[in-house]
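Below is the file target_33.cif, which contains mmCIF, C-alpha atoms.
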data_start
loop_
_atom_site.label_atom_id
_atom_site.label_comp_id
_atom_site.auth_asym_id
_atom_site.auth_seq_id
_atom_site.Cartn_x
_atom_site.Cartn_y
_atom_site.Cartn_z
CA MET A 6 -20.41 -40.76 -49.20
CA LEU A 7 -17.61 -41.40 -46.76
CA ARG A 8 -18.47 -41.99 -43.14
CA ILE A 9 -15.41 -41.85 -40.94
CA LEU A 10 -16.26 -44.14 -38.06
CA LEU A 11 -13.46 -43.14 -35.76
CA PHE A 12 -11.25 -40.09 -35.53
CA ILE A 13 -8.40 -40.01 -33.01
CA ILE A 14 -6.10 -37.11 -32.23
CA LEU A 15 -2.85 -38.70 -31.15
CA ILE A 16 -1.07 -35.60 -29.90
CA LEU A 17 -1.91 -32.00 -29.11
CA ALA A 18 -0.90 -29.31 -31.59
CA PRO A 19 2.36 -27.50 -30.82
CA SER A 20 2.56 -23.90 -29.73
CA ALA A 21 1.56 -20.88 -31.82
CA ALA A 22 5.23 -19.95 -32.11
CA MET A 23 5.95 -23.30 -33.73
CA ALA A 24 2.96 -22.86 -36.08
CA GLN A 25 4.37 -19.53 -37.24
CA GLU A 26 7.75 -21.14 -37.85
CA MET A 27 6.21 -23.75 -40.18
CA VAL A 28 4.53 -21.25 -42.55
CA ALA A 29 5.74 -21.54 -46.18
CA THR A 30 7.73 -18.60 -47.54
CA ILE A 31 5.93 -16.50 -50.17
CA THR A 32 7.68 -13.50 -51.71
CA GLN A 33 6.52 -11.33 -54.62
CA GLY A 34 4.60 -14.04 -56.44
CA THR A 35 7.26 -16.73 -56.06
CA PHE A 36 7.48 -19.56 -53.57
CA LYS A 37 10.21 -21.30 -51.70
CA PRO A 38 8.60 -24.76 -51.59
CA ARG A 39 9.05 -26.56 -48.31
CA PRO A 40 11.10 -29.78 -48.68
CA ILE A 41 9.12 -32.73 -47.32
CA ALA A 42 9.66 -36.50 -47.27
CA ILE A 43 6.55 -38.69 -47.47
CA SER A 44 7.34 -42.31 -46.72
CA ASP A 45 5.28 -45.31 -47.76
CA PHE A 46 3.18 -46.48 -44.82
CA HIS A 47 3.88 -49.56 -42.74
CA ALA A 48 1.30 -52.33 -43.25
CA ASP A 49 0.70 -54.32 -40.07
CA SER A 50 -0.54 -57.28 -42.11
CA ASP A 51 0.74 -59.54 -44.87
CA ALA A 52 -2.50 -59.15 -46.85
CA PRO A 53 -1.80 -57.79 -50.38
CA ALA A 54 -4.66 -55.29 -50.01
CA PHE A 55 -2.98 -53.71 -46.99
CA ASP A 56 0.37 -53.53 -48.75
CA LYS A 57 -1.30 -51.76 -51.69
CA LEU A 58 -3.00 -49.21 -49.43
CA ALA A 59 0.33 -48.58 -47.70
CA LYS A 60 1.64 -47.30 -51.05
CA ASP A 61 -1.50 -45.82 -52.62
CA ILE A 62 -2.48 -43.52 -49.75
CA PRO A 63 0.91 -41.75 -49.42
CA ASN A 64 1.07 -41.49 -53.23
CA ILE A 65 -2.12 -39.40 -53.23
CA VAL A 66 -0.75 -37.27 -50.37
CA ARG A 67 2.44 -36.69 -52.39
CA GLU A 68 0.49 -35.69 -55.50
CA ASN A 69 -1.75 -33.29 -53.58
CA LEU A 70 1.05 -31.49 -51.78
CA GLU A 71 3.36 -31.33 -54.80
CA LYS A 72 0.61 -29.95 -57.06
CA SER A 73 -0.12 -27.17 -54.58
CA GLY A 74 3.26 -25.68 -55.47
CA LEU A 75 4.09 -25.11 -51.80
CA PHE A 76 6.05 -28.33 -51.25
CA ARG A 77 9.09 -30.01 -52.79
CA LEU A 78 9.17 -33.78 -52.43
CA ILE A 79 12.41 -35.39 -51.27
CA ASN A 80 13.35 -38.21 -53.66
CA SER A 81 12.68 -41.61 -52.08
CA ASN A 82 16.21 -42.71 -53.05
CA ALA A 83 17.47 -40.36 -50.31
CA PHE A 84 15.25 -41.85 -47.59
CA VAL A 85 17.26 -43.09 -44.60
CA GLN A 86 14.63 -45.41 -43.09
CA MET A 87 12.20 -48.01 -44.35
CA PRO A 88 8.54 -47.76 -43.26
CA SER A 89 9.00 -50.70 -40.88
CA SER A 90 12.02 -48.96 -39.30
CA ILE A 91 10.07 -45.75 -38.71
CA PHE A 92 7.21 -47.76 -37.18
CA ARG A 93 9.44 -49.72 -34.78
CA GLU A 94 12.21 -47.21 -33.98
CA GLY A 95 10.63 -43.81 -34.61
CA ILE A 96 12.17 -41.04 -36.71
CA ARG A 97 15.97 -40.73 -36.67
CA PHE A 98 15.94 -36.94 -36.95
CA PRO A 99 19.65 -36.21 -37.58
CA GLU A 100 19.73 -38.63 -40.53
CA TRP A 101 16.57 -37.19 -42.07
CA ARG A 102 17.93 -33.68 -41.68
CA ALA A 103 20.91 -34.70 -43.81
CA THR A 104 18.49 -35.42 -46.72
CA GLY A 105 17.49 -31.74 -46.81
CA GLY A 106 13.95 -32.51 -45.69
CA GLU A 107 12.34 -30.23 -43.12
CA ALA A 108 9.32 -32.46 -42.49
CA VAL A 109 8.59 -36.19 -42.71
CA VAL A 110 5.25 -37.99 -43.05
CA SER A 111 4.95 -41.60 -41.92
CA GLY A 112 2.00 -43.91 -41.40
CA ASN A 113 0.67 -47.28 -40.39
CA ILE A 114 -2.25 -49.40 -41.60
CA THR A 115 -3.88 -52.02 -39.37
CA ILE A 116 -7.17 -53.88 -38.96
CA GLY A 117 -9.49 -51.79 -36.83
CA GLU A 118 -12.74 -52.57 -35.02
CA ASN A 119 -15.37 -54.72 -36.78
CA GLY A 120 -12.96 -55.54 -39.58
CA LYS A 121 -12.60 -51.92 -40.67
CA THR A 122 -9.27 -50.49 -41.79
CA ARG A 123 -7.41 -48.20 -39.42
CA VAL A 124 -5.10 -45.68 -41.13
CA GLU A 125 -2.74 -43.64 -38.97
CA PHE A 126 -0.34 -40.92 -40.02
CA ARG A 127 2.18 -38.71 -38.26
CA LEU A 128 3.85 -35.48 -39.34
CA TRP A 129 7.35 -34.85 -37.98
CA ASP A 130 9.30 -31.57 -37.83
CA VAL A 131 12.90 -32.53 -38.61
CA ILE A 132 14.30 -29.15 -37.54
CA SER A 133 12.76 -29.07 -34.05
CA GLN A 134 12.86 -32.90 -33.79
CA GLN A 135 9.30 -33.38 -32.66
CA GLN A 136 5.96 -34.68 -33.84
CA LEU A 137 3.57 -32.00 -35.14
CA ILE A 138 0.46 -34.07 -35.90
CA GLY A 139 -0.72 -37.58 -35.17
CA MET A 140 -4.12 -38.72 -36.39
CA ALA A 141 -5.91 -41.96 -37.20
CA TYR A 142 -9.06 -42.83 -39.13
CA THR A 143 -11.06 -46.05 -39.12
CA THR A 144 -13.21 -46.60 -42.19
CA THR A 145 -13.89 -49.00 -45.05
CA PRO A 146 -11.08 -49.73 -47.55
CA GLU A 147 -12.97 -48.30 -50.54
CA ASN A 148 -12.72 -44.82 -49.00
CA TRP A 149 -8.93 -44.77 -49.14
CA ARG A 150 -8.75 -41.85 -51.59
CA ARG A 151 -10.95 -39.72 -49.35
CA ILE A 152 -8.75 -40.59 -46.36
CA ALA A 153 -5.66 -39.52 -48.35
CA HIS A 154 -7.28 -36.16 -49.20
CA ILE A 155 -8.24 -35.55 -45.56
CA MET A 156 -4.67 -36.33 -44.48
CA SER A 157 -3.35 -33.96 -47.15
CA ASP A 158 -5.58 -31.19 -45.81
CA GLU A 159 -4.29 -31.71 -42.26
CA ILE A 160 -0.64 -31.64 -43.37
CA TYR A 161 -1.21 -28.60 -45.60
CA LYS A 162 -2.92 -26.71 -42.78
CA ARG A 163 -0.21 -27.52 -40.26
CA LEU A 164 2.66 -26.50 -42.54
CA THR A 165 1.14 -23.43 -44.23
CA GLY A 166 -1.20 -22.02 -41.60
CA GLU A 167 -4.12 -22.14 -44.12
CA ASN A 168 -6.97 -24.60 -44.47
CA GLY A 169 -6.53 -27.25 -47.14
CA TYR A 170 -8.68 -27.82 -50.21
CA PHE A 171 -7.94 -31.41 -51.28
CA ASP A 172 -11.06 -33.09 -49.88
CA THR A 173 -13.28 -31.28 -52.40
CA ARG A 174 -14.98 -31.74 -55.75
CA ILE A 175 -15.32 -29.73 -58.94
CA VAL A 176 -18.43 -29.58 -61.10
CA TYR A 177 -17.98 -28.42 -64.69
CA ILE A 178 -19.35 -28.60 -68.23
CA SER A 179 -17.92 -31.52 -70.23
CA GLU A 180 -17.74 -30.66 -73.94
CA LYS A 181 -17.34 -32.88 -76.97
CA GLY A 182 -17.67 -32.51 -80.74
CA ALA A 183 -17.24 -29.87 -83.42
CA SER A 184 -18.05 -26.28 -82.51
CA ASN A 185 -21.30 -26.32 -84.53
CA LYS A 186 -22.45 -29.60 -82.89
CA ARG A 187 -21.09 -29.26 -79.38
CA ILE A 188 -22.44 -31.73 -76.82
CA LYS A 189 -22.35 -30.27 -73.30
CA ARG A 190 -22.92 -32.38 -70.19
CA LEU A 191 -22.87 -31.61 -66.49
CA ALA A 192 -19.99 -33.54 -64.88
CA ILE A 193 -18.48 -33.84 -61.41
CA MET A 194 -15.15 -35.16 -60.11
CA ASP A 195 -12.74 -34.95 -57.19
CA GLN A 196 -10.45 -31.91 -57.28
CA ASP A 197 -7.64 -34.13 -58.63
CA GLY A 198 -9.81 -35.51 -61.47
CA ALA A 199 -10.62 -38.88 -59.87
CA ASN A 200 -14.11 -40.37 -59.45
CA HIS A 201 -15.39 -38.64 -62.58
CA LYS A 202 -19.13 -38.86 -63.18
CA TYR A 203 -21.61 -37.39 -65.69
CA LEU A 204 -24.79 -35.89 -64.21
CA THR A 205 -26.68 -35.15 -67.46
CA ASP A 206 -26.86 -37.13 -70.70
CA GLY A 207 -25.97 -34.42 -73.23
CA SER A 208 -29.41 -34.30 -74.87
CA TYR A 209 -29.78 -30.64 -73.89
CA LEU A 210 -27.44 -27.70 -73.34
CA VAL A 211 -26.18 -26.95 -69.81
CA LEU A 212 -24.14 -23.96 -68.59
CA THR A 213 -22.69 -22.23 -65.47
CA PRO A 214 -22.97 -24.87 -62.72
CA ARG A 215 -22.45 -23.71 -59.12
CA PHE A 216 -22.18 -25.61 -55.83
CA SER A 217 -24.34 -24.97 -52.80
CA PRO A 218 -22.41 -24.22 -49.58
CA GLU A 219 -23.56 -27.57 -48.13
CA THR A 220 -22.25 -29.27 -51.36
CA GLN A 221 -25.21 -31.59 -51.91
CA ARG A 222 -26.94 -29.39 -54.49
CA ILE A 223 -25.84 -27.78 -57.73
CA THR A 224 -27.56 -24.94 -59.55
CA TYR A 225 -27.04 -24.41 -63.27
CA MET A 226 -28.65 -23.05 -66.42
CA SER A 227 -30.25 -25.52 -68.81
CA TYR A 228 -32.01 -25.43 -72.16
CA LYS A 229 -33.97 -28.56 -71.31
CA GLY A 230 -37.29 -28.28 -73.10
CA GLY A 231 -35.88 -25.59 -75.40
CA LYS A 232 -36.14 -22.68 -72.98
CA PRO A 233 -33.26 -21.43 -70.80
CA GLN A 234 -34.10 -21.91 -67.13
CA VAL A 235 -32.27 -22.23 -63.82
CA TYR A 236 -32.29 -25.75 -62.36
CA LEU A 237 -31.40 -27.42 -59.06
CA TYR A 238 -29.68 -30.81 -59.06
CA ASP A 239 -29.48 -32.92 -55.88
CA ILE A 240 -26.22 -34.88 -55.89
CA ASN A 241 -27.44 -37.49 -53.39
CA THR A 242 -30.77 -38.33 -55.00
CA GLY A 243 -30.15 -37.35 -58.62
CA SER A 244 -33.36 -35.29 -58.67
CA ASN A 245 -33.38 -32.38 -61.10
CA GLU A 246 -35.95 -29.58 -60.99
CA ALA A 247 -36.56 -26.22 -62.63
CA LEU A 248 -36.87 -23.36 -60.16
CA GLY A 249 -40.01 -22.07 -61.82
CA HIS A 250 -41.52 -21.08 -65.12
CA PHE A 251 -40.74 -17.44 -65.64
CA SER A 252 -41.84 -15.21 -68.48
CA GLY A 253 -38.20 -14.26 -69.19
CA MET A 254 -34.92 -16.11 -69.57
CA THR A 255 -33.12 -16.89 -66.29
CA PHE A 256 -29.36 -17.48 -66.13
CA ALA A 257 -26.08 -17.02 -64.16
CA PRO A 258 -27.37 -18.49 -60.87
CA ARG A 259 -25.31 -18.57 -57.67
CA PHE A 260 -26.14 -19.65 -54.12
CA SER A 261 -26.16 -17.34 -51.11
CA PRO A 262 -23.58 -18.22 -48.41
CA ASN A 263 -26.20 -20.05 -46.33
CA GLY A 264 -27.57 -21.95 -49.35
CA GLN A 265 -31.14 -20.76 -48.70
CA SER A 266 -31.48 -18.46 -51.72
CA LEU A 267 -30.22 -17.96 -55.26
CA VAL A 268 -29.13 -14.75 -56.91
CA MET A 269 -29.46 -14.75 -60.70
CA SER A 270 -30.18 -12.71 -63.80
CA MET A 271 -33.49 -12.54 -65.59
CA ALA A 272 -34.07 -11.12 -69.07
CA LYS A 273 -37.56 -9.74 -69.38
CA ASN A 274 -39.13 -7.33 -71.88
CA GLY A 275 -35.76 -6.59 -73.43
CA ASN A 276 -34.06 -5.81 -70.12
CA THR A 277 -31.73 -7.88 -67.93
CA ASP A 278 -31.69 -7.36 -64.16
CA ILE A 279 -30.64 -9.21 -61.01
CA PHE A 280 -33.13 -11.08 -58.85
CA VAL A 281 -32.97 -13.13 -55.65
CA MET A 282 -35.11 -16.22 -55.07
CA ASP A 283 -35.88 -17.68 -51.64
CA LEU A 284 -35.50 -21.43 -52.19
CA ASN A 285 -37.99 -22.31 -49.45
CA THR A 286 -40.86 -20.05 -50.57
CA ARG A 287 -39.76 -19.66 -54.22
CA LYS A 288 -40.55 -15.96 -53.96
CA ILE A 289 -38.60 -13.61 -56.24
CA LYS A 290 -37.22 -10.20 -55.29
CA ARG A 291 -35.87 -7.75 -57.86
CA MET A 292 -32.51 -6.24 -56.89
CA THR A 293 -31.74 -3.90 -59.82
CA SER A 294 -33.92 -1.87 -62.14
CA ASN A 295 -31.92 -0.31 -64.92
CA SER A 296 -32.05 -0.17 -68.71
CA SER A 297 -28.54 -1.67 -68.85
CA ILE A 298 -27.54 -5.37 -68.87
CA GLU A 299 -26.75 -6.55 -65.33
CA THR A 300 -25.66 -10.12 -64.72
CA SER A 301 -23.18 -12.57 -63.08
CA PRO A 302 -24.03 -11.72 -59.46
CA SER A 303 -22.01 -13.17 -56.57
CA TYR A 304 -22.52 -12.78 -52.81
CA SER A 305 -19.85 -11.67 -50.37
CA PRO A 306 -19.13 -14.47 -47.84
CA ASP A 307 -20.91 -12.50 -45.08
CA ALA A 308 -23.98 -12.13 -47.37
CA LYS A 309 -24.03 -8.35 -46.88
CA GLN A 310 -23.09 -7.38 -50.46
CA ILE A 311 -23.36 -8.58 -54.04
CA VAL A 312 -20.86 -8.00 -56.84
CA PHE A 313 -22.11 -8.06 -60.44
CA GLU A 314 -21.25 -6.91 -63.94
CA SER A 315 -23.11 -4.10 -65.72
CA ASP A 316 -22.78 -1.80 -68.70
CA ARG A 317 -24.73 0.99 -66.98
CA GLY A 318 -21.65 3.24 -67.19
CA GLY A 319 -21.24 2.75 -70.94
CA SER A 320 -18.92 -0.27 -70.80
CA GLN A 321 -18.93 -3.68 -69.12
CA GLN A 322 -17.59 -3.12 -65.58
CA LEU A 323 -17.92 -4.52 -62.05
CA TYR A 324 -20.20 -3.04 -59.39
CA ILE A 325 -20.99 -3.79 -55.76
CA MET A 326 -24.34 -3.22 -54.06
CA GLN A 327 -25.74 -3.88 -50.60
CA VAL A 328 -27.80 -7.05 -50.28
CA ASP A 329 -31.02 -4.99 -50.34
CA GLY A 330 -30.05 -3.48 -53.72
CA SER A 331 -28.95 -0.09 -52.36
CA GLY A 332 -25.59 1.67 -52.47
CA ILE A 333 -24.42 0.59 -55.93
CA ASP A 334 -20.74 1.47 -56.47
CA ARG A 335 -18.47 0.83 -59.45
CA ILE A 336 -15.14 -0.82 -58.51
CA THR A 337 -13.35 -1.29 -61.87
CA PHE A 338 -12.08 1.54 -64.05
CA GLY A 339 -9.37 -0.15 -66.13
CA LYS A 340 -9.24 -0.30 -69.92
CA GLY A 341 -11.29 -3.00 -71.57
CA ARG A 342 -14.27 -4.95 -70.23
CA TYR A 343 -14.76 -6.85 -66.95
CA ALA A 344 -16.98 -9.89 -66.38
CA ASN A 345 -17.59 -13.08 -64.32
CA PRO A 346 -16.94 -11.61 -60.85
CA VAL A 347 -16.84 -14.08 -57.96
CA TRP A 348 -16.15 -13.24 -54.33
CA SER A 349 -13.37 -15.10 -52.49
CA PRO A 350 -14.44 -17.26 -49.51
CA ARG A 351 -12.03 -15.15 -47.45
CA GLY A 352 -13.86 -11.97 -48.45
CA ASP A 353 -10.63 -10.13 -49.28
CA LEU A 354 -10.64 -10.44 -53.09
CA ILE A 355 -12.94 -10.68 -56.08
CA ALA A 356 -11.81 -12.71 -59.09
CA PHE A 357 -12.90 -11.66 -62.58
CA THR A 358 -12.37 -12.02 -66.32
CA ARG A 359 -10.99 -8.99 -68.18
CA MET A 360 -11.04 -8.49 -71.95
CA TYR A 361 -8.68 -5.97 -73.56
CA LYS A 362 -7.20 -5.66 -77.08
CA GLY A 363 -8.31 -9.12 -78.16
CA LYS A 364 -6.93 -10.90 -75.09
CA PHE A 365 -8.63 -12.43 -72.08
CA TYR A 366 -7.23 -12.25 -68.54
CA ILE A 367 -8.07 -13.70 -65.13
CA GLY A 368 -7.44 -11.20 -62.35
CA VAL A 369 -8.26 -10.33 -58.76
CA ILE A 370 -9.21 -7.04 -57.11
CA ARG A 371 -10.09 -5.89 -53.60
CA PRO A 372 -13.78 -5.13 -52.94
CA ASP A 373 -12.94 -1.43 -52.61
CA GLY A 374 -11.54 -1.42 -56.17
CA THR A 375 -7.86 -1.25 -55.22
CA GLY A 376 -5.03 -3.72 -55.80
CA GLU A 377 -6.07 -5.10 -59.20
CA ARG A 378 -3.73 -7.86 -60.40
CA LEU A 379 -3.89 -9.87 -63.62
CA ILE A 380 -2.59 -13.39 -62.96
CA THR A 381 -3.00 -15.27 -66.26
CA ASN A 382 -4.03 -14.61 -69.86
CA ALA A 383 -4.81 -16.55 -73.05
CA TYR A 384 -6.60 -16.46 -76.38
CA HIS A 385 -9.78 -17.04 -74.34
CA VAL A 386 -9.73 -17.60 -70.57
CA GLU A 387 -12.86 -17.29 -68.45
CA GLY A 388 -15.00 -18.51 -65.56
CA PRO A 389 -12.87 -18.23 -62.38
CA SER A 390 -13.98 -20.17 -59.29
CA TRP A 391 -12.33 -20.20 -55.85
CA SER A 392 -11.04 -23.13 -53.82
CA PRO A 393 -12.74 -23.16 -50.39
CA ASN A 394 -9.62 -21.75 -48.70
CA GLY A 395 -9.45 -18.77 -51.10
CA ARG A 396 -5.89 -19.61 -52.17
CA VAL A 397 -6.38 -21.25 -55.60
CA LEU A 398 -8.54 -20.45 -58.62
CA THR A 399 -9.89 -22.82 -61.23
CA TYR A 400 -11.04 -21.60 -64.68
CA PHE A 401 -11.04 -22.69 -68.33
CA LYS A 402 -9.04 -21.77 -71.41
CA GLU A 403 -10.08 -22.10 -75.03
CA THR A 404 -7.67 -22.35 -77.95
CA PRO A 405 -8.32 -22.66 -81.71
CA SER A 406 -8.12 -26.18 -83.14
CA LYS A 407 -8.91 -28.13 -86.32
CA THR A 408 -12.43 -28.85 -85.02
CA GLY A 409 -13.00 -25.20 -84.08
CA ARG A 410 -11.63 -24.94 -80.53
CA THR A 411 -10.50 -26.90 -77.49
CA ALA A 412 -11.42 -26.07 -73.90
CA ARG A 413 -9.43 -27.15 -70.84
CA LEU A 414 -9.66 -26.62 -67.09
CA TYR A 415 -6.77 -25.09 -65.13
CA THR A 416 -5.85 -24.15 -61.58
CA ILE A 417 -3.50 -21.41 -60.41
CA ASP A 418 -2.32 -19.87 -57.15
CA ILE A 419 -3.68 -16.35 -56.60
CA THR A 420 -0.15 -14.95 -56.97
CA GLY A 421 -0.09 -16.14 -60.59
CA TYR A 422 2.31 -18.98 -59.73
CA ASN A 423 1.85 -22.72 -60.33
CA GLU A 424 -0.65 -22.80 -63.20
CA ARG A 425 -1.63 -26.44 -63.88
CA TRP A 426 -3.84 -28.24 -66.40
CA LEU A 427 -6.63 -30.23 -64.74
CA GLN A 428 -7.17 -33.17 -67.08
CA THR A 429 -10.71 -34.31 -67.93
CA PRO A 430 -11.98 -37.09 -70.26
CA ASN A 431 -13.19 -34.52 -72.82
CA ASP A 432 -12.96 -30.76 -73.13
CA GLY A 433 -14.12 -28.81 -70.09
CA SER A 434 -15.47 -25.36 -69.25
CA ASP A 435 -17.31 -23.43 -66.49
CA PRO A 436 -15.69 -25.14 -63.47
CA ALA A 437 -17.00 -24.55 -59.95
CA TRP A 438 -15.23 -25.64 -56.76
CA SER A 439 -17.15 -27.23 -53.90
CA PRO A 440 -16.68 -26.50 -50.20
CA ILE A 441 -14.86 -29.14 -48.14
CA ASN A 442 -16.80 -32.41 -48.33
CA PRO A 443 -19.06 -33.14 -45.33
#
Transcribe the structure of this file into structure tokens.
Amino acid sequence: MLRILLFIILILAPSAAMAQEMVATITQGTFKPRPIAISDFHADSDAPAFDKLAKDIPNIVRENLEKSGLFRLINSNAFVQMPSSIFREGIRFPEWRATGGEAVVSGNITIGENGKTRVEFRLWDVISQQQLIGMAYTTTPENWRRIAHIMSDEIYKRLTGENGYFDTRIVYISEKGASNKRIKRLAIMDQDGANHKYLTDGSYLVLTPRFSPETQRITYMSYKGGKPQVYLYDINTGSNEALGHFSGMTFAPRFSPNGQSLVMSMAKNGNTDIFVMDLNTRKIKRMTSNSSIETSPSYSPDAKQIVFESDRGGSQQLYIMQVDGSGIDRITFGKGRYANPVWSPRGDLIAFTRMYKGKFYIGVIRPDGTGERLITNAYHVEGPSWSPNGRVLTYFKETPSKTGRTARLYTIDITGYNERWLQTPNDGSDPAWSPINP
């Protein structure tokens, strides 16, 4: 895990009026991407390793910002200064403005204290001709990707007014093989697909992984030992434990906002209801008691309510209840079936899967049941999960293939713009986004 040994703020943030001016334009589901120039960094050393970092770090920043859909990169052929010129002379604002860029990112890499690497970056507003951000980090060279993601988050926040989501991870189910012999493994990676790692060996079925709010634990459903149970996996230690041995099948687990409890479904005596487990005492509390199937619970970010899916009204729909199980209200009334609800970290929207006339959709709806929007559809699309800033969704799509089907992970802006394939070594399903890394 990255330990940033030194963090320096080089300049105070500009005024609130300037912050408002820098917000990206969003209109009716389309974007006007902000033109930005990201220069290679200046390396204050002739060492090849420093020269490589001076190119690799800004490359990751470019990829992050461009993939967000909110930024348009100025071609490097139009750059009017070399990295060394920016370092020695500063930004020549009128010349950069002629390139069409509205912002410029520059940086410098030097040897810091105790032989560590010091990486500095600055964000410049070409229009107002002033520096917006200046920050520096001293760390070990192997953490360069993490540094690039942190920088990307700072730039994104300053230019959009929203928190970034680049210094995060995604856990998902890696799939391989024919549909009748599918091998499913728990896997984790950075949000851009780097640092991929398998957490289980594929000898047993795993489903529906979810991150804890503190990011160091994952809950998921496993058929280890032949019986479906909810498990906890500690990312730091690699320990893996079942939550208990229940008389019924447990599935669809999800952490509470403080990470101290799990809400999940339990099938018992032919009935499926929602239960909450205190992770410290391991005590179980029943939240619903109905002859219908009730599953896929998800807490609101303030932990006051839970959204879930149920067929208690005759068809599969979404409902909200208070955290004590009272005040159950239906919020979806559209045609077809609704499933997989998950509350946005902002609290303003709930994402879901909708099935209608043989098609699957990913959509969002307000907690009061208004403002439903369908943002993508496919032969089979399912399993939405929110980025920690509540701006982007990840999910998976399945399509028919010669071996039965293929499954891929995708991300999309909540407006339905900028859908992108998130490449993985094998097929992938059931993605879950982590909070910002600690």
message = When the PyMOL selection byres ((chain A and resi 114) around 12) is applied to the structure above, which residues does it catch, written out as number ranges by chain?
response = A: 45-52, 54-63, 88-89, 92, 111-113, 115-117, 121-126, 141-144, 146, 149, 152
task = Could you list the residues chosen by the PyMOL selection byres ((chain A and resi 313-318) around 12) in this structure as an MDAnalysis selection string?
result = chainID A and resid 257:259 268:270 276:280 292:305 310:312 319:328 330 333:338 341:348 355:359 372
note = As a check of understanding: the span from CA of Tyr400 in chain A to CA of Ile178 in chain A is 11.4 Å
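Among A:Ser349, A:Gln234, A:Ser73, A:Thr404, the residue with the shortest atom-to-atom distance to Asp197 in chain A, counting only C-alpha atoms, is A:Ser73.
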query = For Gly376 in chain A, which residue out of A:Ile160, A:Met282, A:Gly339, A:Ile223 is the nearest one, using all atoms listed in the file?
reply = A:Gly339
Picked residues, the PyMOL selection byres ((chain A and resi 191-195) around 7), expected as a PDB file with C-alpha atoms, in the frame of the given file:
ATOM      1  CA  THR A 173     -13.280 -31.280 -52.400  1.00  0.00           C
ATOM      2  CA  ARG A 174     -14.980 -31.740 -55.750  1.00  0.00           C
ATOM      3  CA  ILE A 175     -15.320 -29.730 -58.940  1.00  0.00           C
ATOM      4  CA  VAL A 176     -18.430 -29.580 -61.100  1.00  0.00           C
ATOM      5  CA  TYR A 177     -17.980 -28.420 -64.690  1.00  0.00           C
ATOM      6  CA  ILE A 178     -19.350 -28.600 -68.230  1.00  0.00           C
ATOM      7  CA  SER A 179     -17.920 -31.520 -70.230  1.00  0.00           C
ATOM      8  CA  LYS A 189     -22.350 -30.270 -73.300  1.00  0.00           C
ATOM      9  CA  ARG A 190     -22.920 -32.380 -70.190  1.00  0.00           C
ATOM     10  CA  GLN A 196     -10.450 -31.910 -57.280  1.00  0.00           C
ATOM     11  CA  ASP A 197      -7.640 -34.130 -58.630  1.00  0.00           C
ATOM     12  CA  GLY A 198      -9.810 -35.510 -61.470  1.00  0.00           C
ATOM     13  CA  ALA A 199     -10.620 -38.880 -59.870  1.00  0.00           C
ATOM     14  CA  ASN A 200     -14.110 -40.370 -59.450  1.00  0.00           C
ATOM     15  CA  HIS A 201     -15.390 -38.640 -62.580  1.00  0.00           C
ATOM     16  CA  LYS A 202     -19.130 -38.860 -63.180  1.00  0.00           C
ATOM     17  CA  TYR A 203     -21.610 -37.390 -65.690  1.00  0.00           C
ATOM     18  CA  LEU A 204     -24.790 -35.890 -64.210  1.00  0.00           C
ATOM     19  CA  THR A 205     -26.680 -35.150 -67.460  1.00  0.00           C
ATOM     20  CA  VAL A 211     -26.180 -26.950 -69.810  1.00  0.00           C
TER      21      VAL A 211
END
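Every protein or nucleic acid residue with an atom no more than 10 Å from Gln135 in chain A, counting only C-alpha atoms and leaving out same-chain residues fewer than 5 positions away, appears here: A:Pro19, A:Ile96, A:Phe98, A:Ala108, A:Leu128, A:Trp129, A:Asp130.
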Atomic distance CA of Arg151 in chain A - CA of Asp418 in chain A, expressed in Å with one decimal = 23.0 Å
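Distance check against Gly264 in chain A using all atoms listed in the file: of A:Thr213, A:Asn148, A:Asn285, A:Asn394, the minimum falls on A:Asn285.
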task = Mind giving me the straight-line distance from CA of Leu267 in chain A to CA of Lys232 in chain A in Å, one decimal?
result = 19.3 Å
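A distance cut-off of 9 Å around (-15.5, -30.8, -84.8), counting only C-alpha atoms, selects these protein and nucleic acid residues: Lys181, Gly182, Ala183, Ser184, Asn185, Lys186, Arg187, Ser406, Lys407, Thr408, Gly409 and Arg410 of chain A.
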Put those residues in a file: C-alpha atoms, as a CSV table (one decimal), in the frame of the given file.
chain,number,residue,atom,x,y,z
A,181,LYS,CA,-17.3,-32.9,-77.0
A,182,GLY,CA,-17.7,-32.5,-80.7
A,183,ALA,CA,-17.2,-29.9,-83.4
A,184,SER,CA,-18.0,-26.3,-82.5
A,185,ASN,CA,-21.3,-26.3,-84.5
A,186,LYS,CA,-22.4,-29.6,-82.9
A,187,ARG,CA,-21.1,-29.3,-79.4
A,406,SER,CA,-8.1,-26.2,-83.1
A,407,LYS,CA,-8.9,-28.1,-86.3
A,408,THR,CA,-12.4,-28.8,-85.0
A,409,GLY,CA,-13.0,-25.2,-84.1
A,410,ARG,CA,-11.6,-24.9,-80.5
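Closest approach to Glu424 in chain A among A:Gly74, A:Gly249, A:Pro350, A:Pro38: A:Gly74, based on only C-alpha atoms.
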key: Non-local contacts of Trp391 in chain A (7 Å; all atoms listed in the file; under 3 positions in same chain excluded) as a ChimeraX atom specification   = /A:349,395,397-399,438
Selection to disk with C-alpha atoms, as a PDB file, in the frame of the given file:
ATOM      1  CA  SER A 349     -13.370 -15.100 -52.490  1.00  0.00           C
ATOM      2  CA  GLY A 395      -9.450 -18.770 -51.100  1.00  0.00           C
ATOM      3  CA  VAL A 397      -6.380 -21.250 -55.600  1.00  0.00           C
ATOM      4  CA  LEU A 398      -8.540 -20.450 -58.620  1.00  0.00           C
ATOM      5  CA  THR A 399      -9.890 -22.820 -61.230  1.00  0.00           C
ATOM      6  CA  TRP A 438     -15.230 -25.640 -56.760  1.00  0.00           C
TER       7      TRP A 438
END
